[in-house]
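Below: the structure, in structure tokens.
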Amino acid sequence: MRKSLVVGNWKMNGTLASAEALALGVAAGLSSSSADVAVCAPYVFLPRLHEILKDTKLALGAQNIADKESGAFTGEISATMLSEMGCKYALVGHSERRTYYGDSNASVAARFCQAQSKGIVPILCIGETLEQREQDQTFAVIDEQLQAVIDLAGIAAFAGAVIAYEPVWAIGTGRTATDDQAQEVHYYIRQYLASKDQSIADNMQILYGGSAKPDNAKGLFAMPDIDGGLIGGASLDADSFLQICRSV
Ligand code: PEP
């Protein structure tokens with residue numbers, strides 16, 4: 001039986017004061033959620049959030065992680081630094097990173113490995129653009145994005161990882177994948193992993209992301225291969241996010 005996981009991605013939003021209030025608001029409402037819950041906050045808020053969330057059930061994550069261990073890489077944040085700030089998770093390969101900052105499949109795979117080298121669970125974000133879906137390339141894109149990590153880290157590394165399927169056309173657009181559309185790709189991802197290692201596939205937490213909200217979360221989370229969600233916009237409001245967390 002896979003445990004559900006709901007992760008908020010705050011992106012580049014808020015102030016230190018609003019981040020504290022949001023984190024405490026979410027943490028205070030978690031006793032009635034059966035899922036594991038985390039928030040991926042902007043880097044500079046992590047030290048303070050680490051302090052105030054210490055004795056709560058809300059875990060902390062980063063929105064990215066460097067693809068190198070340390071050294072002359074101005075502006076990057078290493079796995080060691082994130083681990084010291086109490087990060088349990090790090091997103092790797094979010095579509096905004098791939099689209100706006102050029103994160104390639106190879107660099108995403110390197111980030112995945114860096115996270116694991118310091119005990120941080122990478123949340124590997126994968127998914128197709130609208131154009132790719134319309135050209136029937138969805139599964140080919142998923143294959144490439146998964147295979148780049150398998151090539152570098154090996155299939156065994158997925159035992160300590162999470163996958164988030166996020167169709168790019170659904171992220172921040174208000175256009176959610178239908179329950180069946182999402183389930184179809186989640187099933188495909190699990191079968192792809194199963195072709196390499198059945199037990200890893202069976203235990204893999206595969207989250208859905210893309211305009212998930214309180215009113216559509218229940219249907220998505222009820223699908224057999226959807227194990228929770230990666231939530232952007234709706235994670236910026238404690239009540240909405242908690243409603244989603246309670247929908248698993
Ligand atoms: C995301 O950024 O990962 C995301 C799913 O965003 P939204 O929920 O706003 O579509």
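To be explicit about the labels: the chains of the structure tokens are called A, B, and onward in the order shown, and within each one the residues are counted from 1, while ligands get numbers from 1 in the order they are shown.
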Residues of chain A at most 6 Å from ligand 1: nearest atom pair and distance in Å, only C-alpha atoms and all ligand atoms, as a tab-separated table:
residue	atom	partner	partner_atom_place_in_ligand_line	distance
A:Asn9	CA	ligand 1	2 (O)	5.8
A:Ala170	CA	ligand 1	10 (O)	5.9
A:Ile171	CA	ligand 1	10 (O)	3.4
A:Gly172	CA	ligand 1	10 (O)	3.6
A:Gly209	CA	ligand 1	5 (C)	4.0
A:Gly210	CA	ligand 1	10 (O)	3.8
A:Ser211	CA	ligand 1	10 (O)	3.5
A:Ala212	CA	ligand 1	8 (O)	5.3
A:Leu230	CA	ligand 1	5 (C)	5.4
A:Ile231	CA	ligand 1	8 (O)	4.2
A:Gly232	CA	ligand 1	6 (O)	3.3
A:Gly233	CA	ligand 1	9 (O)	3.7
Exercise: Gly61 (chain A) partners within 12 Å, only C-alpha atoms, chain neighbours under 3 positions left out, as number ranges by chain: A: 6-11, 37-43, 45-47, 49-50, 53, 58, 64-65, 79, 82-92, 115, 120-123, 230
Write out, as a compact mmCIF listing (two decimals), in the first residue's frame, the residues just selected, with N, CA and C atoms.
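To be explicit, this is the file written out as out.txt:
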# COMPACT_ATOMS: atom_id res chain seq x y z
N VAL A 6 1.20 14.87 -0.53
CA VAL A 6 0.77 16.13 -1.17
C VAL A 6 1.86 17.17 -0.91
N VAL A 7 2.32 17.79 -1.99
CA VAL A 7 3.44 18.74 -1.90
C VAL A 7 3.00 20.07 -2.49
N GLY A 8 3.21 21.14 -1.74
CA GLY A 8 2.93 22.48 -2.26
C GLY A 8 4.19 23.06 -2.89
N ASN A 9 4.01 23.71 -4.04
CA ASN A 9 5.12 24.41 -4.69
C ASN A 9 4.77 25.89 -4.69
N TRP A 10 5.43 26.63 -3.80
CA TRP A 10 5.08 28.05 -3.64
C TRP A 10 5.66 28.92 -4.75
N LYS A 11 6.57 28.37 -5.53
CA LYS A 11 7.22 29.14 -6.61
C LYS A 11 7.82 30.43 -6.03
N VAL A 37 2.67 15.43 4.00
CA VAL A 37 2.52 16.75 3.38
C VAL A 37 3.83 17.51 3.49
N ALA A 38 4.17 18.22 2.39
CA ALA A 38 5.39 19.03 2.38
C ALA A 38 5.13 20.31 1.61
N VAL A 39 5.95 21.33 1.88
CA VAL A 39 5.90 22.54 1.05
C VAL A 39 7.30 22.84 0.53
N CYS A 40 7.38 23.17 -0.76
CA CYS A 40 8.64 23.56 -1.38
C CYS A 40 8.65 25.10 -1.43
N ALA A 41 9.48 25.68 -0.57
CA ALA A 41 9.48 27.13 -0.39
C ALA A 41 10.68 27.74 -1.11
N PRO A 42 10.63 29.07 -1.36
CA PRO A 42 11.81 29.74 -1.91
C PRO A 42 13.02 29.53 -0.98
N TYR A 43 14.20 29.40 -1.57
CA TYR A 43 15.41 29.09 -0.80
C TYR A 43 15.58 29.97 0.44
N PHE A 45 13.67 31.47 2.38
CA PHE A 45 12.76 31.30 3.51
C PHE A 45 13.05 29.99 4.28
N LEU A 46 13.87 29.14 3.72
CA LEU A 46 14.05 27.81 4.31
C LEU A 46 14.60 27.84 5.75
N PRO A 47 15.62 28.66 6.04
CA PRO A 47 16.15 28.61 7.41
C PRO A 47 15.08 28.92 8.46
N LEU A 49 11.78 28.71 8.08
CA LEU A 49 10.73 27.68 8.08
C LEU A 49 11.22 26.42 8.78
N HIS A 50 12.49 26.13 8.60
CA HIS A 50 13.08 24.96 9.28
C HIS A 50 12.90 25.11 10.79
N LEU A 53 8.99 24.94 11.79
CA LEU A 53 8.25 23.70 11.48
C LEU A 53 8.83 22.48 12.17
N LEU A 58 4.57 19.01 9.08
CA LEU A 58 4.77 19.57 7.74
C LEU A 58 6.25 19.51 7.37
N ASN A 64 14.40 23.47 -6.29
CA ASN A 64 15.45 23.08 -7.23
C ASN A 64 16.66 22.70 -6.39
N ILE A 65 17.72 22.26 -7.03
CA ILE A 65 18.94 21.86 -6.31
C ILE A 65 20.06 21.87 -7.34
N ALA A 79 23.15 20.47 -2.46
CA ALA A 79 22.40 19.49 -1.67
C ALA A 79 22.80 19.56 -0.20
N LEU A 82 21.00 22.47 1.40
CA LEU A 82 19.56 22.21 1.57
C LEU A 82 19.32 21.20 2.69
N SER A 83 20.22 20.25 2.79
CA SER A 83 20.09 19.27 3.85
C SER A 83 20.26 19.95 5.21
N GLU A 84 21.21 20.88 5.30
CA GLU A 84 21.40 21.62 6.57
C GLU A 84 20.18 22.46 6.92
N MET A 85 19.43 22.87 5.91
CA MET A 85 18.22 23.68 6.15
C MET A 85 16.99 22.81 6.36
N GLY A 86 17.19 21.52 6.54
CA GLY A 86 16.09 20.65 6.91
C GLY A 86 15.21 20.19 5.77
N CYS A 87 15.71 20.29 4.54
CA CYS A 87 14.88 19.86 3.41
C CYS A 87 14.81 18.35 3.32
N LYS A 88 13.61 17.85 3.30
CA LYS A 88 13.41 16.40 3.10
C LYS A 88 13.30 16.11 1.61
N TYR A 89 12.76 17.07 0.85
CA TYR A 89 12.50 16.88 -0.58
C TYR A 89 13.15 18.00 -1.40
N ALA A 90 13.39 17.73 -2.69
CA ALA A 90 13.74 18.80 -3.64
C ALA A 90 13.07 18.47 -4.97
N LEU A 91 12.41 19.47 -5.54
CA LEU A 91 11.89 19.29 -6.91
C LEU A 91 13.07 19.26 -7.86
N VAL A 92 13.04 18.40 -8.85
CA VAL A 92 14.03 18.45 -9.93
C VAL A 92 13.27 18.36 -11.26
N ALA A 115 20.73 15.31 -5.01
CA ALA A 115 19.76 15.27 -3.91
C ALA A 115 19.95 13.98 -3.12
N ILE A 120 18.37 13.65 0.45
CA ILE A 120 17.16 14.41 0.10
C ILE A 120 16.39 13.62 -0.96
N VAL A 121 15.08 13.53 -0.79
CA VAL A 121 14.26 12.78 -1.75
C VAL A 121 13.97 13.67 -2.97
N PRO A 122 14.47 13.29 -4.15
CA PRO A 122 14.13 14.10 -5.33
C PRO A 122 12.70 13.83 -5.78
N ILE A 123 12.00 14.89 -6.14
CA ILE A 123 10.68 14.75 -6.75
C ILE A 123 10.89 15.08 -8.23
N LEU A 230 1.14 17.42 -6.63
CA LEU A 230 2.08 18.55 -6.53
C LEU A 230 1.24 19.78 -6.89
Near-Asp239 (chain A) list (12 Å; only C-alpha atoms; drop same-chain fewer than 2 positions) as a compact mmCIF listing (two decimals) with N, CA and C atoms, in the first residue's frame:
# COMPACT_ATOMS: atom_id res chain seq x y z
N LEU A 22 1.70 31.22 6.32
CA LEU A 22 1.16 30.12 5.50
C LEU A 22 1.63 28.77 6.04
N ALA A 23 2.91 28.68 6.34
CA ALA A 23 3.46 27.40 6.84
C ALA A 23 2.80 27.02 8.16
N LEU A 24 2.66 27.99 9.05
CA LEU A 24 2.05 27.68 10.35
C LEU A 24 0.57 27.33 10.19
N GLY A 25 -0.10 28.01 9.26
CA GLY A 25 -1.51 27.71 9.00
C GLY A 25 -1.69 26.30 8.48
N VAL A 26 -0.82 25.90 7.58
CA VAL A 26 -0.91 24.53 7.03
C VAL A 26 -0.58 23.52 8.13
N ALA A 27 0.51 23.78 8.85
CA ALA A 27 0.94 22.82 9.89
C ALA A 27 -0.17 22.62 10.92
N ALA A 28 -0.85 23.70 11.26
CA ALA A 28 -1.89 23.62 12.30
C ALA A 28 -3.07 22.75 11.87
N GLY A 29 -3.27 22.61 10.56
CA GLY A 29 -4.44 21.86 10.09
C GLY A 29 -4.13 20.43 9.68
N LEU A 30 -2.92 19.98 9.96
CA LEU A 30 -2.54 18.68 9.40
C LEU A 30 -2.97 17.46 10.18
N LYS A 213 -7.04 21.49 -7.57
CA LYS A 213 -7.74 22.42 -6.66
C LYS A 213 -8.63 21.60 -5.73
N PRO A 214 -9.20 22.27 -4.70
CA PRO A 214 -10.08 21.51 -3.80
C PRO A 214 -11.21 20.80 -4.54
N ALA A 234 -2.86 26.64 -5.78
CA ALA A 234 -3.76 26.37 -4.65
C ALA A 234 -3.01 26.10 -3.34
N SER A 235 -1.68 26.00 -3.40
CA SER A 235 -0.93 25.78 -2.15
C SER A 235 -0.61 27.10 -1.46
N LEU A 236 -0.96 28.22 -2.10
CA LEU A 236 -0.67 29.54 -1.51
C LEU A 236 -1.75 30.00 -0.56
N ASP A 237 -2.78 29.21 -0.43
CA ASP A 237 -3.86 29.51 0.51
C ASP A 237 -4.00 28.29 1.43
N PHE A 241 -5.22 24.49 0.37
CA PHE A 241 -4.21 23.42 0.37
C PHE A 241 -4.62 22.30 1.33
N LEU A 242 -5.13 22.69 2.50
CA LEU A 242 -5.53 21.67 3.47
C LEU A 242 -6.71 20.85 2.95
N GLN A 243 -7.61 21.50 2.24
CA GLN A 243 -8.74 20.75 1.65
C GLN A 243 -8.21 19.71 0.67
N ILE A 244 -7.21 20.10 -0.11
CA ILE A 244 -6.60 19.15 -1.05
C ILE A 244 -5.93 18.01 -0.29
N CYS A 245 -5.21 18.36 0.78
CA CYS A 245 -4.54 17.32 1.57
C CYS A 245 -5.54 16.34 2.15
N ARG A 246 -6.72 16.81 2.46
CA ARG A 246 -7.74 15.93 3.06
C ARG A 246 -8.52 15.15 1.99
Neighbour list for region 140-144 of chain A as an MDAnalysis selection string, cut-off 8 Å, only C-alpha atoms, skip fewer than 6 positions in-chain: chainID A and resid 105 126:128 132 189 192
What are the DSSP strand (DSSP E) residues of region 30-182 of chain A, as an NGL selection string? :A and (36-41 or 58-62 or 87-92 or 121-126 or 162-165)
DSSP helix (DSSP H, G or I) selection over region 85-246 of chain A, as an MDAnalysis selection string: chainID A and resid 95:100 105:117 130:134 138:153 155:160 168:170 179:194 198:203 214:221 233:236 238:245
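Shortest separation to Leu130 (chain A) among A:Ala66, A:Arg97, A:Ala177, A:Ile155 occurs at residue A:Ala177, atoms counted being only C-alpha atoms.
Atom pair CA of Ala21 (chain A) / CA of Asp36 (chain A): separated by 20.0 Å.
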Selected residue of minimal separation from Thr15 (chain A) among A:Ser247, A:Cys125, A:Arg48, A:Thr80, counting only C-alpha atoms: A:Arg48
Which polymer residues have any atom within 12 Å of an atom of Ser104 (chain A), counting only C-alpha atoms, with same-chain residues fewer than 2 positions away left out, as a ChimeraX atom specification? /A:67,92-102,106-111,126,144-145,148-149
